[in-house]
>>> print(open('entry-v9.txt').read())   # compact mmCIF, C-alpha atoms
# COMPACT_ATOMS: atom_id res chain seq x y z
CA MET A 1 -169.52 -67.39 -183.09
CA GLU A 2 -167.80 -64.24 -184.43
CA LEU A 3 -168.81 -62.28 -181.32
CA LEU A 4 -167.35 -64.96 -179.04
CA SER A 5 -164.11 -64.85 -181.00
CA VAL A 6 -163.95 -61.06 -180.65
CA ILE A 7 -164.60 -61.25 -176.90
CA ARG A 8 -161.77 -63.76 -176.45
CA ARG A 9 -159.35 -61.61 -178.49
CA TRP A 10 -160.26 -58.44 -176.57
CA HIS A 11 -159.70 -60.09 -173.21
CA ARG A 12 -156.74 -62.40 -173.89
CA ARG A 13 -154.83 -60.43 -176.52
CA ASP A 14 -155.76 -56.81 -175.81
CA HIS A 15 -156.23 -57.33 -172.02
CA LEU A 16 -159.49 -55.39 -171.90
CA PRO A 17 -161.30 -55.64 -168.53
CA ILE A 18 -164.67 -57.35 -168.42
CA ARG A 19 -166.32 -54.01 -167.57
CA GLU A 20 -165.13 -52.55 -170.90
CA ILE A 21 -166.23 -55.64 -172.86
CA GLU A 22 -169.64 -55.34 -171.15
CA ARG A 23 -169.88 -51.72 -172.31
CA ARG A 24 -168.92 -52.58 -175.89
CA THR A 25 -171.15 -55.62 -176.35
CA GLY A 26 -174.10 -55.04 -174.03
CA LEU A 27 -173.72 -58.57 -172.63
CA SER A 28 -173.86 -59.25 -168.92
CA ARG A 29 -170.62 -59.84 -167.01
CA ASN A 30 -171.71 -63.37 -166.11
CA THR A 31 -172.24 -64.20 -169.78
CA ILE A 32 -168.85 -62.77 -170.69
CA ARG A 33 -167.14 -64.74 -167.91
CA LYS A 34 -168.88 -67.93 -169.10
CA TYR A 35 -167.50 -67.45 -172.62
CA LEU A 36 -164.02 -66.69 -171.33
CA ARG A 37 -163.97 -69.74 -169.01
CA ALA A 38 -164.76 -72.13 -171.85
CA GLU A 39 -161.65 -74.10 -172.81
CA SER A 40 -162.94 -74.58 -176.34
CA ILE A 41 -165.71 -73.11 -178.44
CA GLU A 42 -167.69 -75.56 -180.53
CA PRO A 43 -169.59 -74.40 -183.62
CA ARG A 44 -173.24 -73.75 -182.85
CA PHE A 45 -175.51 -73.68 -185.82
CA GLN A 46 -177.99 -70.86 -186.07
CA ALA A 47 -181.66 -71.61 -185.67
CA PRO A 48 -183.50 -71.75 -189.02
CA GLU A 49 -185.06 -68.49 -190.10
CA ARG A 50 -188.79 -68.39 -189.40
CA PRO A 51 -191.17 -66.88 -191.95
CA SER A 52 -192.33 -63.34 -191.29
CA ARG A 53 -195.72 -61.85 -192.03
CA LEU A 54 -193.85 -59.21 -194.01
CA ASP A 55 -192.32 -61.73 -196.44
CA PRO A 56 -195.19 -61.65 -198.98
CA PHE A 57 -194.97 -57.84 -199.07
CA ALA A 58 -191.16 -57.51 -199.04
CA ASP A 59 -190.75 -56.99 -202.79
CA ARG A 60 -193.54 -54.42 -202.84
CA LEU A 61 -192.01 -52.52 -199.91
CA ARG A 62 -188.55 -52.67 -201.48
CA GLY A 63 -189.92 -51.19 -204.70
CA TRP A 64 -191.62 -48.40 -202.77
CA LEU A 65 -188.36 -47.56 -201.00
CA VAL A 66 -186.55 -47.26 -204.33
CA LEU A 67 -189.22 -44.85 -205.57
CA GLU A 68 -189.19 -42.84 -202.35
CA ALA A 69 -185.38 -42.48 -202.47
CA ALA A 70 -185.71 -40.74 -205.87
CA ARG A 71 -188.11 -38.14 -204.45
CA SER A 72 -187.21 -34.98 -202.62
CA ARG A 73 -186.89 -35.39 -198.86
CA LYS A 74 -190.06 -33.34 -198.17
CA ASN A 75 -192.20 -35.53 -200.45
CA ARG A 76 -191.09 -38.93 -199.19
CA ARG A 77 -193.51 -41.15 -197.30
CA THR A 78 -192.55 -41.85 -193.72
CA ALA A 79 -192.09 -45.37 -192.36
CA ARG A 80 -195.45 -45.02 -190.60
CA ARG A 81 -197.17 -44.07 -193.87
CA LEU A 82 -195.56 -47.02 -195.69
CA TYR A 83 -196.78 -49.31 -192.92
CA GLU A 84 -200.34 -47.99 -193.26
CA ASP A 85 -200.24 -48.50 -197.04
CA LEU A 86 -199.14 -52.11 -196.50
CA VAL A 87 -202.03 -52.62 -194.08
CA THR A 88 -204.47 -51.59 -196.79
CA LEU A 89 -202.96 -54.36 -198.97
CA GLY A 90 -203.59 -56.98 -196.28
CA TYR A 91 -200.45 -56.87 -194.12
CA ASP A 92 -201.41 -57.80 -190.54
CA GLY A 93 -197.98 -57.68 -188.88
CA SER A 94 -196.45 -55.08 -186.58
CA TYR A 95 -195.14 -51.63 -187.42
CA GLY A 96 -191.82 -52.48 -185.75
CA ARG A 97 -191.14 -55.22 -188.31
CA VAL A 98 -191.70 -52.78 -191.17
CA ALA A 99 -189.47 -50.17 -189.54
CA ALA A 100 -186.69 -52.74 -189.04
CA PHE A 101 -186.94 -53.75 -192.72
CA ILE A 102 -186.61 -50.10 -193.79
CA ARG A 103 -183.59 -49.53 -191.53
CA GLN A 104 -181.85 -52.60 -192.94
CA TRP A 105 -182.58 -51.51 -196.51
CA LYS A 106 -181.16 -48.04 -195.89
CA HIS A 107 -178.07 -49.55 -194.26
CA GLU A 108 -177.45 -51.78 -197.29
CA GLN A 109 -177.85 -48.82 -199.65
CA HIS A 110 -175.40 -46.78 -197.59
CA GLN A 111 -172.80 -49.56 -197.70
CA ALA A 112 -173.24 -49.93 -201.45
CA ARG A 113 -172.64 -46.19 -201.98
CA GLN A 114 -169.48 -46.33 -199.89
CA THR A 115 -167.91 -49.20 -201.84
CA THR A 116 -169.13 -48.64 -205.41
CA GLY A 117 -166.36 -47.27 -207.60
CA ARG A 118 -163.84 -47.33 -204.80
CA GLY A 119 -163.47 -50.98 -203.86
CA VAL A 120 -162.35 -52.34 -200.52
CA PHE A 121 -158.65 -52.92 -199.95
CA VAL A 122 -156.42 -54.91 -197.62
CA PRO A 123 -153.42 -52.97 -196.16
CA LEU A 124 -150.06 -54.19 -197.46
CA CYS A 125 -147.80 -52.63 -194.77
CA PHE A 126 -147.39 -54.62 -191.56
CA GLN A 127 -146.02 -54.36 -188.04
CA PRO A 128 -144.18 -57.22 -186.26
CA GLY A 129 -146.65 -59.88 -185.16
CA GLU A 130 -149.54 -58.16 -186.92
CA ALA A 131 -150.47 -60.61 -189.67
CA PHE A 132 -149.78 -63.80 -191.56
CA GLN A 133 -150.87 -64.86 -195.03
CA PHE A 134 -152.06 -68.30 -196.10
CA ASP A 135 -152.60 -70.00 -199.43
CA TRP A 136 -152.66 -73.42 -201.07
CA GLY A 137 -150.49 -74.56 -203.96
CA GLU A 138 -150.25 -77.76 -206.00
CA ASP A 139 -147.05 -79.75 -206.56
CA TRP A 140 -145.89 -83.30 -207.26
CA ALA A 141 -143.67 -85.59 -205.20
CA VAL A 142 -142.55 -89.22 -205.17
CA ILE A 143 -144.06 -90.93 -202.11
CA ALA A 144 -143.48 -94.64 -201.47
CA GLY A 145 -142.35 -95.12 -205.07
CA HIS A 146 -145.37 -93.37 -206.65
CA ARG A 147 -145.54 -89.88 -208.14
CA VAL A 148 -148.51 -88.17 -206.50
CA LYS A 149 -150.09 -84.73 -206.70
CA LEU A 150 -150.12 -82.91 -203.35
CA GLN A 151 -151.85 -79.86 -201.91
CA VAL A 152 -149.20 -77.68 -200.28
CA ALA A 153 -150.17 -75.28 -197.47
CA HIS A 154 -148.09 -72.09 -197.46
CA THR A 155 -148.08 -69.88 -194.34
CA LYS A 156 -145.99 -66.71 -194.20
CA LEU A 157 -145.39 -63.97 -191.62
CA SER A 158 -146.16 -60.64 -193.28
CA PHE A 159 -143.44 -58.65 -191.49
CA SER A 160 -140.41 -60.96 -191.30
CA ARG A 161 -141.33 -62.98 -194.46
CA ALA A 162 -140.56 -66.25 -192.62
CA PHE A 163 -142.63 -69.05 -194.14
CA ILE A 164 -143.46 -72.73 -193.67
CA LEU A 165 -144.74 -75.37 -196.13
CA ARG A 166 -146.66 -78.56 -195.40
CA ALA A 167 -147.99 -81.09 -197.91
CA TYR A 168 -151.35 -82.90 -197.79
CA PRO A 169 -153.37 -85.11 -200.13
CA LEU A 170 -156.46 -82.84 -200.02
CA GLN A 171 -157.66 -79.38 -198.94
CA THR A 172 -160.12 -80.52 -196.26
CA HIS A 173 -160.95 -78.80 -192.97
CA GLU A 174 -158.80 -81.25 -191.01
CA MET A 175 -155.78 -80.64 -193.24
CA LEU A 176 -156.23 -76.87 -193.21
CA PHE A 177 -156.43 -76.89 -189.40
CA ASP A 178 -153.40 -79.14 -189.11
CA ALA A 179 -151.43 -76.89 -191.48
CA LEU A 180 -152.17 -73.77 -189.40
CA THR A 181 -151.51 -75.56 -186.11
CA GLU A 182 -148.12 -76.79 -187.32
CA ALA A 183 -147.32 -73.40 -188.82
CA PHE A 184 -147.94 -71.62 -185.51
CA ARG A 185 -145.72 -74.19 -183.79
CA VAL A 186 -142.84 -73.62 -186.19
CA LEU A 187 -143.28 -69.84 -186.40
CA GLY A 188 -143.31 -69.58 -182.61
CA GLY A 189 -146.64 -67.86 -182.07
CA VAL A 190 -149.88 -66.59 -183.57
CA PRO A 191 -150.12 -63.13 -185.22
CA ARG A 192 -153.13 -60.96 -184.52
CA ARG A 193 -154.62 -61.32 -188.02
CA GLY A 194 -154.69 -63.92 -190.80
CA ILE A 195 -155.15 -63.01 -194.49
CA PHE A 196 -156.88 -65.64 -196.66
CA ASP A 197 -158.57 -65.94 -199.99
CA ASN A 198 -162.20 -67.06 -200.11
CA MET A 199 -161.52 -70.80 -199.91
CA LYS A 200 -164.53 -73.04 -199.35
CA THR A 201 -163.15 -74.38 -196.06
CA ALA A 202 -163.24 -70.85 -194.62
CA VAL A 203 -166.04 -68.94 -196.39
CA ASP A 204 -169.53 -70.33 -196.93
CA ARG A 205 -170.85 -67.29 -198.79
CA ILE A 206 -169.37 -64.06 -200.19
CA GLY A 207 -171.44 -60.94 -199.61
CA SER A 208 -171.02 -57.38 -200.87
CA GLY A 209 -167.77 -55.59 -200.04
CA LYS A 210 -165.98 -57.38 -197.20
CA ALA A 211 -169.11 -59.15 -195.90
CA ARG A 212 -168.50 -62.89 -195.52
CA GLN A 213 -170.48 -65.76 -194.05
CA VAL A 214 -167.55 -67.48 -192.36
CA ASN A 215 -167.61 -71.26 -191.97
CA LEU A 216 -168.41 -72.13 -188.35
CA ARG A 217 -165.64 -74.73 -188.04
CA PHE A 218 -163.09 -72.25 -189.36
CA MET A 219 -164.37 -69.55 -186.99
CA ALA A 220 -163.98 -71.98 -184.08
CA LEU A 221 -160.32 -72.43 -185.04
CA ALA A 222 -159.77 -68.66 -185.30
CA SER A 223 -161.46 -68.18 -181.91
CA HIS A 224 -159.25 -70.86 -180.33
CA TYR A 225 -156.02 -69.29 -181.62
CA LEU A 226 -157.28 -65.71 -181.12
CA PHE A 227 -156.51 -64.39 -184.60
CA GLU A 228 -158.86 -62.27 -186.69
CA PRO A 229 -159.49 -63.74 -190.17
CA THR A 230 -159.40 -61.26 -193.05
CA PHE A 231 -160.52 -62.26 -196.55
CA CYS A 232 -159.37 -60.78 -199.83
CA ASN A 233 -161.69 -59.48 -202.50
CA PRO A 234 -162.55 -62.13 -205.12
CA ALA A 235 -159.93 -62.45 -207.90
CA ALA A 236 -157.62 -60.03 -206.06
CA GLY A 237 -154.51 -62.11 -205.41
CA TRP A 238 -152.33 -59.00 -205.02
CA GLU A 239 -153.98 -58.39 -201.63
CA LYS A 240 -151.92 -61.31 -200.32
CA GLY A 241 -149.09 -60.93 -202.80
CA GLN A 242 -146.40 -62.09 -200.37
CA ILE A 243 -147.80 -65.60 -200.11
CA GLU A 244 -148.62 -65.70 -203.83
CA LYS A 245 -144.95 -65.04 -204.51
CA THR A 246 -143.91 -67.67 -201.97
CA VAL A 247 -145.96 -70.30 -203.81
CA GLN A 248 -144.03 -69.50 -206.99
CA ASP A 249 -140.62 -69.16 -205.31
CA ALA A 250 -140.98 -72.42 -203.38
CA ARG A 251 -141.51 -74.31 -206.62
CA ARG A 252 -138.14 -73.09 -207.89
CA GLN A 253 -136.15 -73.04 -204.63
CA ILE A 254 -137.44 -76.14 -202.84
CA TRP A 255 -139.50 -78.49 -205.01
CA GLN A 256 -136.95 -78.75 -207.84
CA ASP A 257 -134.50 -80.48 -205.44
CA LEU A 258 -137.13 -82.77 -203.93
CA PRO A 259 -135.90 -86.35 -203.33
CA ALA A 260 -138.17 -89.39 -202.96
CA PHE A 261 -139.76 -90.07 -199.55
CA PRO A 262 -141.15 -93.19 -197.87
CA ASP A 263 -144.23 -91.35 -196.57
CA LEU A 264 -145.85 -87.94 -196.18
CA GLY A 265 -144.44 -87.43 -192.69
CA ALA A 266 -140.87 -87.70 -193.98
CA LEU A 267 -141.66 -85.18 -196.74
CA ASN A 268 -143.09 -82.65 -194.26
CA ALA A 269 -140.09 -83.03 -191.95
CA TRP A 270 -137.80 -82.34 -194.92
CA LEU A 271 -139.89 -79.31 -195.97
CA GLU A 272 -139.74 -77.88 -192.44
CA ALA A 273 -135.95 -78.19 -192.37
CA ARG A 274 -135.63 -76.54 -195.79
CA CYS A 275 -137.90 -73.66 -194.76
CA LEU A 276 -135.85 -73.08 -191.58
CA ASP A 277 -132.72 -73.00 -193.74
CA CYS A 278 -134.34 -70.41 -196.01
CA TRP A 279 -135.08 -68.22 -192.98
CA GLU A 280 -131.36 -68.09 -192.21
CA ARG A 281 -130.68 -66.75 -195.70
CA LEU A 282 -133.51 -64.21 -195.37
>>> encode(input="entry-v9.txt", output="structure tokens")
Amino acid sequence: MELLSVIRRWHRRDHLPIREIERRTGLSRNTIRKYLRAESIEPRFQAPERPSRLDPFADRLRGWLVLEAARSRKNRRTARRLYEDLVTLGYDGSYGRVAAFIRQWKHEQHQARQTTGRGVFVPLCFQPGEAFQFDWGEDWAVIAGHRVKLQVAHTKLSFSRAFILRAYPLQTHEMLFDALTEAFRVLGGVPRRGIFDNMKTAVDRIGSGKARQVNLRFMALASHYLFEPTFCNPAAGWEKGQIEKTVQDARRQIWQDLPAFPDLGALNAWLEARCLDCWERL
């Protein structure tokens, strides 16, 4: 899903020819054209992982690799030697599977060394049309004579600081998608990148550094609108400080003057008008 999203952005935003996309991805031109012709991209769930013959020996091999890394380069066992030692323990799989495991382990160790002690950061300087920031806030309003708690979607352009608010009863996928769709309508376009926290409707699992297992439904939305989702580090609200400040400012500038409304649609129309008025002052 992420690869399809990248292909669509390269072709439709960056205007890369299919020949260049073929060179970058290794996919055939027919496959690339098929992805680009699709009007929509539906989430496709990955096939379940099948057990490997190496699985019972994975912990043993991982322990060996840790020991080998502490030795001098000349005294380390090669991948072929590690494979032969596993065979003596009863491993009956291929050498290629062992070699792939070792390459992946070394790659993970290299990434860990790059990020440990330094952290991974999100740039805070932006060009026009480069990025938007998104966050949820909680506020109360009187709807149809009842005081109700609402989830308020805040979307803000990182360069111009223009922002839009929309209120919803919950933070579900449907309401997140509606909030972004309406925000792009009001803002007049879609920036190249979106900055989010690790909300459950967007991220299924947080990995090390910037690694994320992105929710397939959210990735389908990003692929449709051709923006690249970027996720902050956990508990690092300053990486999207503009929208964090907007959540606080909106409570003082907009919600304190909130009248009663007959329904949620009337409230959102009022919020849109107030946000447009704030843009004029900005």
>>> closest_residue(input="entry-v9.txt", among="A:His146, A:Lys200, A:Arg24, A:Arg161", to="Leu176 of chain A", atoms="all atoms listed in the file")
A:Lys200
>>> atom_distance(input="entry-v9.txt", atom1="atom CA of Arg77 of chain A", atom2="atom CA of Trp64 of chain A")
9.3 Å
>>> residues_around(input="entry-v9.txt", residues="Leu221 of chain A", least_positions_apart="3", cutoff="12 Å", atoms="only C-alpha atoms", output="short mmCIF file (atom, residue, chain, number, x, y, z; two decimals) with C-alpha atoms, in the frame of the given file")
data_model
loop_
_atom_site.label_atom_id
_atom_site.label_comp_id
_atom_site.auth_asym_id
_atom_site.auth_seq_id
_atom_site.Cartn_x
_atom_site.Cartn_y
_atom_site.Cartn_z
CA MET A 1 -169.52 -67.39 -183.09
CA GLU A 2 -167.80 -64.24 -184.43
CA LEU A 4 -167.35 -64.96 -179.04
CA SER A 5 -164.11 -64.85 -181.00
CA SER A 40 -162.94 -74.58 -176.34
CA ILE A 41 -165.71 -73.11 -178.44
CA GLU A 42 -167.69 -75.56 -180.53
CA PRO A 43 -169.59 -74.40 -183.62
CA HIS A 173 -160.95 -78.80 -192.97
CA GLU A 174 -158.80 -81.25 -191.01
CA LEU A 176 -156.23 -76.87 -193.21
CA PHE A 177 -156.43 -76.89 -189.40
CA ASP A 178 -153.40 -79.14 -189.11
CA ALA A 179 -151.43 -76.89 -191.48
CA LEU A 180 -152.17 -73.77 -189.40
CA THR A 181 -151.51 -75.56 -186.11
CA GLY A 194 -154.69 -63.92 -190.80
CA THR A 201 -163.15 -74.38 -196.06
CA ALA A 202 -163.24 -70.85 -194.62
CA VAL A 214 -167.55 -67.48 -192.36
CA ASN A 215 -167.61 -71.26 -191.97
CA LEU A 216 -168.41 -72.13 -188.35
CA ARG A 217 -165.64 -74.73 -188.04
CA PHE A 218 -163.09 -72.25 -189.36
CA HIS A 224 -159.25 -70.86 -180.33
CA TYR A 225 -156.02 -69.29 -181.62
CA LEU A 226 -157.28 -65.71 -181.12
CA PHE A 227 -156.51 -64.39 -184.60
CA GLU A 228 -158.86 -62.27 -186.69
CA PRO A 229 -159.49 -63.74 -190.17
#
>>> closest_residue(input="entry-v9.txt", among="A:Gly145, A:Gly90, A:Pro17, A:Pro191", to="Gln127 of chain A", atoms="all atoms listed in the file")
A:Pro191
>>> closest_residue(input="entry-v9.txt", among="A:Trp136, A:Phe126, A:Tyr83, A:Trp270", to="Pro169 of chain A", atoms="only C-alpha atoms")
A:Trp136
>>> atom_distance(input="entry-v9.txt", atom1="atom CA of Ala222 of chain A", atom2="atom CA of Leu157 of chain A")
16.4 Å
>>> atom_distance(input="entry-v9.txt", atom1="atom CA of Leu16 of chain A", atom2="atom CA of Ser158 of chain A")
25.7 Å
>>> closest_residue(input="entry-v9.txt", among="A:His11, A:Arg60, A:Arg73, A:Arg274", to="Asp85 of chain A", atoms="only C-alpha atoms")
A:Arg60
>>> decode(input="entry-v9.txt", residues="segment 125-138 of chain A", atoms="N, CA, C and O atoms", output="CSV table (one decimal), in the first residue's frame")
chain,number,residue,atom,x,y,z
A,125,CYS,N,10.7,24.1,9.9
A,125,CYS,CA,10.7,25.2,8.9
A,125,CYS,C,10.0,24.6,7.6
A,125,CYS,O,10.3,23.5,7.2
A,126,PHE,N,9.1,25.4,7.0
A,126,PHE,CA,8.3,24.9,5.9
A,126,PHE,C,8.2,25.9,4.8
A,126,PHE,O,8.3,27.1,4.9
A,127,GLN,N,8.1,25.3,3.6
A,127,GLN,CA,7.9,26.1,2.3
A,127,GLN,C,6.4,26.1,2.0
A,127,GLN,O,5.6,25.3,2.5
A,128,PRO,N,5.9,27.1,1.2
A,128,PRO,CA,4.5,27.1,0.9
A,128,PRO,C,4.0,25.8,0.2
A,128,PRO,O,4.7,25.2,-0.6
A,129,GLY,N,2.9,25.3,0.7
A,129,GLY,CA,2.3,24.0,0.2
A,129,GLY,C,3.1,22.8,0.6
A,129,GLY,O,2.7,21.7,0.1
A,130,GLU,N,4.0,22.9,1.5
A,130,GLU,CA,4.8,21.7,1.9
A,130,GLU,C,4.1,20.8,2.8
A,130,GLU,O,4.2,19.6,2.7
A,131,ALA,N,3.5,21.3,3.9
A,131,ALA,CA,3.0,20.5,4.9
A,131,ALA,C,1.8,21.1,5.6
A,131,ALA,O,1.5,22.3,5.6
A,132,PHE,N,1.0,20.2,6.2
A,132,PHE,CA,-0.1,20.6,7.1
A,132,PHE,C,0.1,19.7,8.4
A,132,PHE,O,0.7,18.7,8.4
A,133,GLN,N,-0.5,20.2,9.5
A,133,GLN,CA,-0.5,19.5,10.8
A,133,GLN,C,-1.9,19.2,11.2
A,133,GLN,O,-2.8,20.0,11.0
A,134,PHE,N,-2.1,18.1,11.9
A,134,PHE,CA,-3.4,17.7,12.3
A,134,PHE,C,-3.4,17.2,13.7
A,134,PHE,O,-2.4,16.5,14.1
A,135,ASP,N,-4.4,17.5,14.5
A,135,ASP,CA,-4.6,17.0,15.8
A,135,ASP,C,-6.0,17.1,16.2
A,135,ASP,O,-6.8,17.8,15.7
A,136,TRP,N,-6.4,16.3,17.3
A,136,TRP,CA,-7.7,16.3,17.9
A,136,TRP,C,-7.7,17.1,19.2
A,136,TRP,O,-6.7,17.1,19.9
A,137,GLY,N,-8.8,17.7,19.5
A,137,GLY,CA,-9.0,18.4,20.8
A,137,GLY,C,-10.4,18.0,21.3
A,137,GLY,O,-11.2,17.5,20.6
A,138,GLU,N,-10.6,18.3,22.6
A,138,GLU,CA,-11.9,18.0,23.2
A,138,GLU,C,-12.5,19.3,23.7
A,138,GLU,O,-11.8,20.1,24.3
